[in-house]
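S.K.: Can you keep this structure in mind? I'll have questions shortly.
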Amino acid sequence: MTDRIQDFLRRRREEGGEGPCLVVDLEVVRENYLAFAKSLPDTRVFYAVKANPAPEVLDLLARLGSCFDTASLVEIEQVLATGATADRISFGNTIKKERDIARAFALGVRLFAVDCEAEVEKVARAAPGAKVFCRILCDGAGAEWPLSRKFGCAPAMAGRVLEHAHRLGLVAYGLSFHVGSQQRNPQMWDGALKASAAIFRDLAERGIHLQMVNLGGGFPTRYLKDVPIVRVYGQAIFRALRKHFGNRIPETIIEPGRGMVGNAGVIEAEVVLISRKADDDKVRWVYLDIGKFNGLAETMDEMIRYPIRTPFDGDERAPCVIAGPTCDSVDVLYEKEPYALPVSLEIGSKVLIEGTGAYTTTYSAVGFNGFPPLQSYVI
Ligand SMILES: *Cc1c(COP(=O)(O)O)cnc(C)c1O
């Protein structure tokens, strides 16, 4: 929470601003970018646009020299609208329509992710001569928001995928992986880099010289638990690169999303109702005007546990179930593990939900139950 955000919210309240809103402080985004650049000095930063595609965020990062990881044509156009050139864009989704690849290629994009031979064939037809990197699977252990098996192929398959790309006239450029989002263990890059180095060696024996490792995202935001600072990640990654690649360290890129914008944003919400389900119920139900459908989707399975500040912090606390405002029973944020909130909390109290700069506005429905999408201000 920054003074700038606090001042902004106070003014908004005075002016009668209504409804939950996210406020993102660009100064924090700038600090985060500079911390990545400093902690991984030989690594280019490709901001993962999906975390928060607000034009002000993209403009700032473009000015600071960032590159961009995109997943769709709309995201590519959002980046180009900042004035950044297409050579700073990676089309990093492994699941693309061939006509979208062709349009991205026509816009100047030359770097594409693949994880199977069928996708390689699409890129070869629609973006002849482009660079491709193959995503390898990572188990996501240690991550609070693991990315499962949806993207990437087994390391044993990656060599064949890239060899196929090479034969079809593409540049077999490198490898990528994602160690899982909100990855609290900096050592988790080691195993993936070990597998990457083995693929580099194997392909070199076949005359294909890969050049790049895309280290993905996964850099955390501080929620309720402490997380290591980005410098610790930079050091662990550098050590792993040295260990597995020796003095032939390849070009590297990172794709931070959450770590770039998460701590730059705060959501202000309002308590709509506090109730109990029975006279002897120990747990109060606290209903907010924000829930899973208007910004807090990452509370799914209670995976991301946001810090919640209230005007009564310091008072005695008691366990609460926290729920959203819609008439869908899945719109409950924390129930399996109740959340301790001050007993003095009242209907109408404003609460501040911290660390919400990433994966909130874009996860907000257009109007489920008539609740409007999350308002966003970038200051
Ligand atoms: C979502 C995504 C990221 C960003 O991940 P964070 O954990 O938010 O840093 C990076 N790369 C790819 C390919 C992604 O899909």
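Chain labels A, B, ... are given in the sequence in which chains occur in the structure tokens; within each chain residues are numbered consecutively from 1, and ligands are likewise numbered from 1 in the order shown.
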Produce a table with one row for each residue of chain A that has an atom at most 9 Å from any atom of ligand 1, each row naming the nearest atom pair and its distance in Å at one decimal; use only C-alpha atoms and all ligand atoms; arrange rows by chain and rising residue number; format as CSV.
M.R.:
```
residue,atom,partner,partner_atom_place_in_ligand_line,distance
A:Phe46,CA,ligand 1,10 (C),8.3
A:Tyr47,CA,ligand 1,10 (C),7.6
A:Ala48,CA,ligand 1,4 (C),5.0
A:Val49,CA,ligand 1,4 (C),8.1
A:Lys50,CA,ligand 1,1 (C),6.5
A:Ala51,CA,ligand 1,8 (O),6.1
A:Asp69,CA,ligand 1,11 (N),6.7
A:Thr70,CA,ligand 1,13 (C),8.0
A:Ala71,CA,ligand 1,15 (O),7.4
A:Phe91,CA,ligand 1,13 (C),8.9
A:Gly92,CA,ligand 1,13 (C),5.4
A:Asn93,CA,ligand 1,13 (C),6.2
A:Thr94,CA,ligand 1,13 (C),8.2
A:Ala113,CA,ligand 1,13 (C),8.4
A:Arg135,CA,ligand 1,13 (C),8.7
A:Ala143,CA,ligand 1,7 (O),9.0
A:Trp145,CA,ligand 1,7 (O),7.9
A:Pro146,CA,ligand 1,7 (O),8.8
A:Leu147,CA,ligand 1,15 (O),8.6
A:Phe151,CA,ligand 1,13 (C),8.5
A:Ser176,CA,ligand 1,13 (C),8.2
A:Phe177,CA,ligand 1,13 (C),7.7
A:His178,CA,ligand 1,11 (N),6.4
A:Val179,CA,ligand 1,7 (O),8.1
A:Gly180,CA,ligand 1,7 (O),6.1
A:Ser181,CA,ligand 1,7 (O),3.4
A:Gln182,CA,ligand 1,7 (O),5.6
A:Gln183,CA,ligand 1,7 (O),7.3
A:Asn214,CA,ligand 1,11 (N),8.8
A:Leu215,CA,ligand 1,11 (N),8.4
A:Gly216,CA,ligand 1,11 (N),4.7
A:Gly217,CA,ligand 1,9 (O),3.4
A:Gly218,CA,ligand 1,7 (O),3.5
A:Phe219,CA,ligand 1,9 (O),5.2
A:Pro220,CA,ligand 1,7 (O),7.0
A:Ile254,CA,ligand 1,10 (C),7.7
A:Glu255,CA,ligand 1,10 (C),4.5
A:Pro256,CA,ligand 1,9 (O),3.8
A:Gly257,CA,ligand 1,8 (O),3.6
A:Arg258,CA,ligand 1,8 (O),3.8
A:Gly259,CA,ligand 1,9 (O),5.7
A:Met260,CA,ligand 1,9 (O),7.5
A:Val261,CA,ligand 1,8 (O),8.8
A:Gly262,CA,ligand 1,8 (O),8.5
A:Ala358,CA,ligand 1,8 (O),7.4
A:Tyr359,CA,ligand 1,8 (O),8.0
```
S.K.: Set the distance at 9 Å and use only C-alpha atoms: which residues neighbour Phe238 in chain A once local chain neighbours fewer than 5 positions away are removed? I'd like the list as a VMD selection string.
M.R.: chain A and resid 40 233 243
S.K.: Could you turn the residues from that selection into a file that holds N, CA, C and O atoms, as a PDB file, in the first residue's frame?
M.R.:
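The resulting file, out38.pdb, is shown below:
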```
ATOM      1  N   LEU A  40      18.869  -9.636 -12.816  1.00  0.00           N
ATOM      2  CA  LEU A  40      19.201 -10.579 -13.893  1.00  0.00           C
ATOM      3  C   LEU A  40      19.767  -9.739 -15.042  1.00  0.00           C
ATOM      4  O   LEU A  40      19.133  -9.565 -16.085  1.00  0.00           O
ATOM      5  N   TYR A 233      16.367 -14.759  -6.466  1.00  0.00           N
ATOM      6  CA  TYR A 233      16.029 -15.556  -7.654  1.00  0.00           C
ATOM      7  C   TYR A 233      17.117 -15.407  -8.713  1.00  0.00           C
ATOM      8  O   TYR A 233      17.540 -16.388  -9.330  1.00  0.00           O
ATOM      9  N   LYS A 243      26.121 -23.952 -13.538  1.00  0.00           N
ATOM     10  CA  LYS A 243      26.285 -25.372 -13.232  1.00  0.00           C
ATOM     11  C   LYS A 243      25.975 -26.235 -14.456  1.00  0.00           C
ATOM     12  O   LYS A 243      26.694 -27.191 -14.732  1.00  0.00           O
TER      13      LYS A 243
END
```
S.K.: Mind the document's chain letters and residue numbers, and return as a ChimeraX atom specification the residues of range 73-256 of chain A that DSSP labels helix (DSSP H, G or I).
M.R.: /A:73-80,86-88,98-106,117-126,155-167,186-205,230-245
S.K.: Using only C-alpha atoms, find the one residue out of A:Ser66, A:Thr299, A:Ser349, A:Ser344 that sits nearest to Val330 in chain A.
M.R.: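 Among the listed residues, A:Thr299 lies closest to Val330 in chain A.
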S.K.: Just how far from CA of Met157 in chain A is CA of Cys116 in chain A, in Å to one decimal?
M.R.: 8.3 Å
S.K.: Write out as a list of chain:residue names each polymer residue whose atoms come within 9 Å of range 304-307 of chain A, counting only C-alpha atoms; drop sequence neighbours fewer than 3 positions from it.
M.R.: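 Answer for this query is A:Glu144, A:Trp145, A:Gln182, A:Arg222, A:Tyr223, A:Leu224, A:Glu298, A:Thr299, A:Met300, A:Asp301, A:Leu333, A:Tyr334, A:Leu352, A:Ile353, A:Glu354, A:Gly355, A:Thr356.
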S.K.: Excluding Ala172 in chain A and any residue of its chain fewer than 6 positions from it, enumerate the residues within 10 Å of it, using only C-alpha atoms, and give them as number ranges by chain.
M.R.: A: 129-134, 159, 161-166, 203, 208-212
S.K.: Rounded to one decimal in Å, what is the spacing between CA of Gly357 in chain A and CA of Val266 in chain A?
M.R.: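 Pair CA of Gly357 in chain A / CA of Val266 in chain A returns 6.5 Å.
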S.K.: Could you please determine the separation between CA of Val286 in chain A and CA of Lys350 in chain A in Å, to one decimal place?
M.R.: 12.2 Å
S.K.: With distances taken over only C-alpha atoms, which of A:Phe112, A:Phe371, A:Phe312, A:Tyr363 is nearest to Pro342 in chain A?
M.R.: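 Among the listed residues, A:Phe312 lies closest to Pro342 in chain A.
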